[in-house]
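The file protein.txt comes next; it holds compact mmCIF, C-alpha atoms.
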```txt
# COMPACT_ATOMS: atom_id res chain seq x y z
CA MET L 1 37.31 17.94 -37.20
CA ARG L 2 34.05 16.33 -38.31
CA ARG L 3 35.50 12.86 -37.71
CA LEU L 4 36.52 13.88 -34.19
CA LEU L 5 32.98 15.11 -33.42
CA ILE L 6 31.50 11.82 -34.66
CA ILE L 7 33.90 9.81 -32.52
CA ALA L 8 33.11 12.01 -29.51
CA ALA L 9 29.36 11.58 -30.08
CA ILE L 10 29.70 7.80 -30.32
CA ALA L 11 31.83 7.71 -27.16
CA ALA L 12 29.33 9.88 -25.29
CA GLY L 13 26.41 7.72 -26.43
CA THR L 14 28.20 4.54 -25.40
CA ALA L 15 29.04 6.01 -21.99
CA ALA L 16 25.41 7.09 -21.52
CA VAL L 17 24.08 3.61 -22.34
CA ALA L 18 26.67 1.98 -20.07
CA GLY L 19 25.71 4.38 -17.27
CA ILE L 20 22.02 3.55 -17.65
CA VAL L 21 22.75 -0.19 -17.56
CA VAL L 22 24.94 0.12 -14.45
CA TYR L 23 22.37 2.33 -12.73
CA GLY L 24 19.61 -0.17 -13.58
CA GLN L 25 21.60 -3.10 -12.20
CA MET L 26 22.42 -1.20 -9.00
CA HIS L 27 18.79 -0.14 -8.46
CA MET L 28 16.97 -3.25 -9.65
CA SER L 29 15.63 -3.78 -6.14
CA LEU L 30 13.36 -0.78 -6.69
CA LEU L 31 11.50 -2.95 -9.17
CA THR L 32 11.38 -6.12 -7.11
CA ASP L 33 11.10 -4.85 -3.51
CA ARG L 34 7.54 -3.64 -4.04
CA LYS L 35 5.03 -6.11 -2.59
CA ALA L 36 3.67 -8.35 -5.30
CA THR L 37 -0.09 -8.85 -5.26
CA PRO L 38 -2.19 -11.22 -7.33
CA ILE L 39 -4.75 -10.09 -9.87
CA LYS L 40 -8.13 -9.59 -8.17
CA ALA L 41 -10.08 -12.84 -8.26
CA ALA L 42 -12.95 -11.27 -10.22
CA ASP L 43 -10.53 -10.11 -12.93
CA ARG L 44 -8.68 -13.41 -13.44
CA LYS L 45 -8.96 -15.17 -16.78
CA PRO L 46 -8.80 -18.95 -17.26
CA ALA L 47 -5.34 -20.17 -18.22
CA PRO L 48 -5.08 -21.87 -21.61
CA ALA L 49 -5.36 -25.59 -20.97
CA PHE L 50 -2.76 -27.97 -22.33
CA THR L 51 -1.85 -31.61 -22.38
CA ARG L 52 1.78 -32.36 -23.19
CA THR L 53 4.44 -34.93 -22.56
CA ALA L 54 7.31 -33.85 -20.31
CA LEU L 55 10.90 -34.54 -21.33
CA SER L 56 10.81 -37.36 -18.78
CA GLY L 57 8.02 -39.02 -20.79
CA ALA L 58 5.36 -38.34 -18.15
CA PRO L 59 2.03 -36.88 -19.32
CA VAL L 60 1.21 -33.37 -18.08
CA ASP L 61 -2.42 -32.22 -18.13
CA LEU L 62 -2.90 -28.74 -16.71
CA ARG L 63 -6.56 -29.49 -15.86
CA ARG L 64 -5.37 -32.07 -13.31
CA PHE L 65 -3.53 -29.37 -11.38
CA THR L 66 -6.65 -27.62 -10.09
CA GLY L 67 -6.88 -27.35 -6.33
CA LYS L 68 -3.36 -25.97 -5.90
CA PRO L 69 -1.57 -22.93 -7.30
CA VAL L 70 0.59 -23.64 -10.35
CA VAL L 71 3.88 -21.89 -11.15
CA ILE L 72 4.75 -22.04 -14.85
CA ASN L 73 8.23 -20.85 -15.78
CA PHE L 74 8.93 -20.18 -19.47
CA PHE L 75 12.68 -20.35 -20.08
CA ALA L 76 15.46 -21.30 -22.49
CA SER L 77 18.54 -23.29 -21.52
CA TRP L 78 20.87 -20.74 -23.14
CA CYS L 79 19.15 -17.64 -21.70
CA ILE L 80 21.37 -15.75 -19.21
CA PRO L 81 18.50 -14.22 -17.14
CA CYS L 82 16.88 -17.68 -17.05
CA LYS L 83 20.07 -19.11 -15.59
CA GLN L 84 20.26 -16.25 -13.07
CA GLU L 85 16.81 -17.00 -11.66
CA ALA L 86 16.91 -20.81 -11.97
CA ALA L 87 18.38 -21.53 -8.51
CA GLY L 88 15.74 -19.29 -6.92
CA THR L 89 13.01 -21.10 -8.82
CA ALA L 90 14.35 -24.37 -7.43
CA ARG L 91 14.25 -22.89 -3.89
CA ILE L 92 10.59 -21.94 -4.40
CA GLY L 93 9.83 -25.49 -5.53
CA ARG L 94 11.51 -26.91 -2.42
CA GLU L 95 9.99 -24.35 -0.05
CA PHE L 96 6.40 -24.84 -1.19
CA GLY L 97 6.75 -28.55 -1.92
CA SER L 98 3.46 -30.34 -2.41
CA ARG L 99 1.38 -27.21 -1.73
CA VAL L 100 1.95 -26.01 -5.32
CA HIS L 101 2.53 -27.51 -8.75
CA MET L 102 5.62 -26.43 -10.66
CA VAL L 103 5.96 -26.71 -14.45
CA ALA L 104 8.70 -25.41 -16.72
CA VAL L 105 8.29 -24.77 -20.44
CA ALA L 106 11.41 -24.57 -22.62
CA ILE L 107 10.84 -22.09 -25.45
CA ASP L 108 13.19 -20.88 -28.19
CA ASP L 109 15.26 -23.96 -27.45
CA LYS L 110 16.11 -26.53 -30.10
CA GLN L 111 18.16 -29.00 -28.05
CA PRO L 112 16.27 -31.25 -25.62
CA ASP L 113 19.57 -32.52 -24.17
CA ALA L 114 20.58 -28.95 -23.26
CA ILE L 115 17.20 -28.48 -21.59
CA ARG L 116 17.69 -31.66 -19.55
CA ARG L 117 21.18 -30.53 -18.49
CA PHE L 118 19.79 -27.13 -17.44
CA ALA L 119 17.05 -28.75 -15.33
CA SER L 120 19.54 -31.12 -13.76
CA GLN L 121 22.11 -28.41 -13.04
CA TYR L 122 19.54 -26.30 -11.18
CA HIS L 123 17.84 -29.29 -9.49
CA TRP L 124 14.46 -28.78 -11.12
CA THR L 125 12.46 -31.85 -10.18
CA TRP L 126 9.11 -30.92 -11.73
CA PRO L 127 7.83 -31.56 -15.27
CA ILE L 128 9.85 -29.85 -18.00
CA LEU L 129 7.93 -29.36 -21.22
CA TYR L 130 9.64 -28.88 -24.56
CA ASP L 131 7.80 -26.36 -26.74
CA PRO L 132 9.88 -26.16 -29.96
CA SER L 133 7.14 -24.29 -31.84
CA ASP L 134 6.60 -21.86 -28.92
CA ASP L 135 2.88 -22.67 -29.11
CA LEU L 136 2.40 -22.47 -25.34
CA ALA L 137 4.36 -19.23 -25.14
CA TYR L 138 2.07 -17.75 -27.77
CA ARG L 139 -1.09 -18.99 -26.02
CA TYR L 140 0.11 -17.54 -22.70
CA ASN L 141 1.10 -14.26 -24.35
CA VAL L 142 4.70 -14.62 -23.19
CA PRO L 143 6.69 -11.59 -24.37
CA GLY L 144 10.14 -13.07 -23.66
CA LYS L 145 12.24 -15.24 -21.42
CA PRO L 146 12.10 -15.82 -18.62
CA THR L 147 8.42 -15.33 -17.87
CA THR L 148 6.72 -16.62 -14.74
CA VAL L 149 2.98 -17.26 -14.68
CA ILE L 150 1.12 -18.24 -11.51
CA LEU L 151 -2.31 -19.83 -11.67
CA ASP L 152 -4.71 -19.92 -8.77
CA GLN L 153 -6.36 -23.07 -7.45
CA ARG L 154 -9.11 -22.78 -10.08
CA GLY L 155 -6.70 -22.63 -13.03
CA ARG L 156 -6.98 -18.87 -13.60
CA ILE L 157 -4.03 -16.57 -14.23
CA ALA L 158 -3.40 -14.87 -10.89
CA TRP L 159 -0.09 -13.20 -11.77
CA GLN L 160 2.42 -12.93 -14.59
CA HIS L 161 5.89 -11.41 -14.75
CA ALA L 162 8.12 -11.09 -17.81
CA GLY L 163 11.86 -10.96 -17.17
CA LYS L 164 14.20 -12.18 -14.48
CA ILE L 165 12.69 -12.10 -11.03
CA GLY L 166 13.76 -12.93 -7.52
CA THR L 167 12.04 -15.38 -5.22
CA ARG L 168 10.37 -12.77 -3.02
CA PRO L 169 7.57 -11.65 -5.39
CA VAL L 170 6.75 -15.25 -6.36
CA THR L 171 6.68 -16.26 -2.70
CA GLN L 172 4.40 -13.29 -1.91
CA ILE L 173 1.93 -14.32 -4.62
CA LEU L 174 1.93 -17.98 -3.55
CA ASP L 175 1.48 -17.01 0.12
CA ALA L 176 -1.48 -14.80 -0.88
CA LEU L 177 -3.07 -17.66 -2.83
CA LEU L 178 -2.54 -20.23 -0.11
```
Could you write out this structure as structure tokens?
Amino acid sequence: MRRLLIIAAIAAGTAAVAGIVVYGQMHMSLLTDRKATPIKAADRKPAPAFTRTALSGAPVDLRRFTGKPVVINFFASWCIPCKQEAAGTARIGREFGSRVHMVAVAIDDKQPDAIRRFASQYHWTWPILYDPSDDLAYRYNVPGKPTTVILDQRGRIAWQHAGKIGTRPVTQILDALL
């Protein structure tokens, strides 16, 4: 009898968790349909500066990006939510073109070739930085992957979102900054 109660409790718990996950997936738009707004200009903090070499070999100096908003996407090539948002990130890059700078930072990733394949598969044409020690993720206070950080034209953090996100909130922030 006791064994049957334990099995029933485990089954009920599993069903409850599955129900919560399904409900969350079905109602995710409640989280992303709200209009995204940037941090008030007076409350923005300077973004940590960095100078790195992209996987392409090109130098990347964040200080040279002032004058335009910058979208920084922290990702991993093996990360499922990163893959789910990657095509949308590419659309944002195409849509905004030269009006913004795009940079991707591969974190928790130990294979540069896998990172290159990821960028190629999703048609990312901007600098891809390899951060094997996760130093940049730490400096940007990135809680997980994917995380999107948008800097204003003066190099200050105007918005940050941890987790998979659609194109709409990012577009709203960029439109507000431009």
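In this comparison, which uses only C-alpha atoms, the residue of L:Leu55, L:Val170, L:Val70, L:Leu62 approaching Leu136 in chain L most closely is L:Leu62.
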(message) When you look at range 111-126 of chain L with a cut-off of 12 Å (counting only C-alpha atoms), what residues show up, excluding the ones that are within fewer than 3 positions of it in the same chain? I need them as number ranges by chain.
(response) L: 54-56, 58-60, 70-80, 82-94, 97-98, 100-108, 129-132
With distances taken over only C-alpha atoms, the candidate from L:Asp43, L:Pro81, L:Phe96, L:Gly67 nearest Ile165 in chain L is L:Pro81
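Straight-line separation from CA of Pro48 in chain L to CA of Gln172 in chain L: 23.5 Å.
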Counting all atoms listed in the file, give me one row per residue of range 52-132 of chain L with an atom at most 6 Å from an atom of range 153-163 of chain L, showing the shortest contact pair and its distance in Å to one decimal, sorted by chain then residue number, as a Markdown table.
```
| residue | atom | partner | partner_atom | distance |
| --- | --- | --- | --- | --- |
| L:Thr66 | CA | L:Gln153 | CA | 5.3 |
| L:Gly67 | CA | L:Gln153 | CA | 4.5 |
| L:Lys68 | CA | L:Gln153 | CA | 4.5 |
| L:Pro69 | CA | L:Gln153 | CA | 4.8 |
```
Would you mind exporting the chosen residues as a PDB file, keeping the file's coordinate frame, restricted to C-alpha atoms?
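Final output, saved to result06.pdb:
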```
ATOM      1  CA  THR L  66      -6.650 -27.620 -10.090  1.00  0.00           C
ATOM      2  CA  GLY L  67      -6.880 -27.350  -6.330  1.00  0.00           C
ATOM      3  CA  LYS L  68      -3.360 -25.970  -5.900  1.00  0.00           C
ATOM      4  CA  PRO L  69      -1.570 -22.930  -7.300  1.00  0.00           C
TER       5      PRO L  69
END
```
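The spacing separating CA of Lys145 in chain L from CA of Ala47 in chain L amounts to 18.5 Å.
Across the structure, CA of Ala176 in chain L and CA of Arg52 in chain L are spaced 28.6 Å apart.
Checking L:Ala49, L:Leu177, L:Ala42, L:Ala36 one by one against Arg139 in chain L, counting all atoms listed in the file, you find the shortest gap at L:Ala49.
Nearest-residue note for Ile173 in chain L: choosing from L:Val17, L:Ile128, L:Ile39, L:Ile7, the minimum distance belongs to L:Ile39, counting all atoms listed in the file.
Nearest-residue note for Pro38 in chain L: choosing from L:Arg2, L:Asp152, L:Arg168, L:Glu95, the minimum distance belongs to L:Asp152, counting all atoms listed in the file.
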Centre, x/y/z edge lengths, axis-aligned box for range 158-170 of chain L with 6 Å per side, as lines of an AutoDock Vina configuration file:
```
center_x = 5.4
center_y = -13.2
center_z = -10.4
size_x = 29.6
size_y = 16.4
size_z = 26.8
```
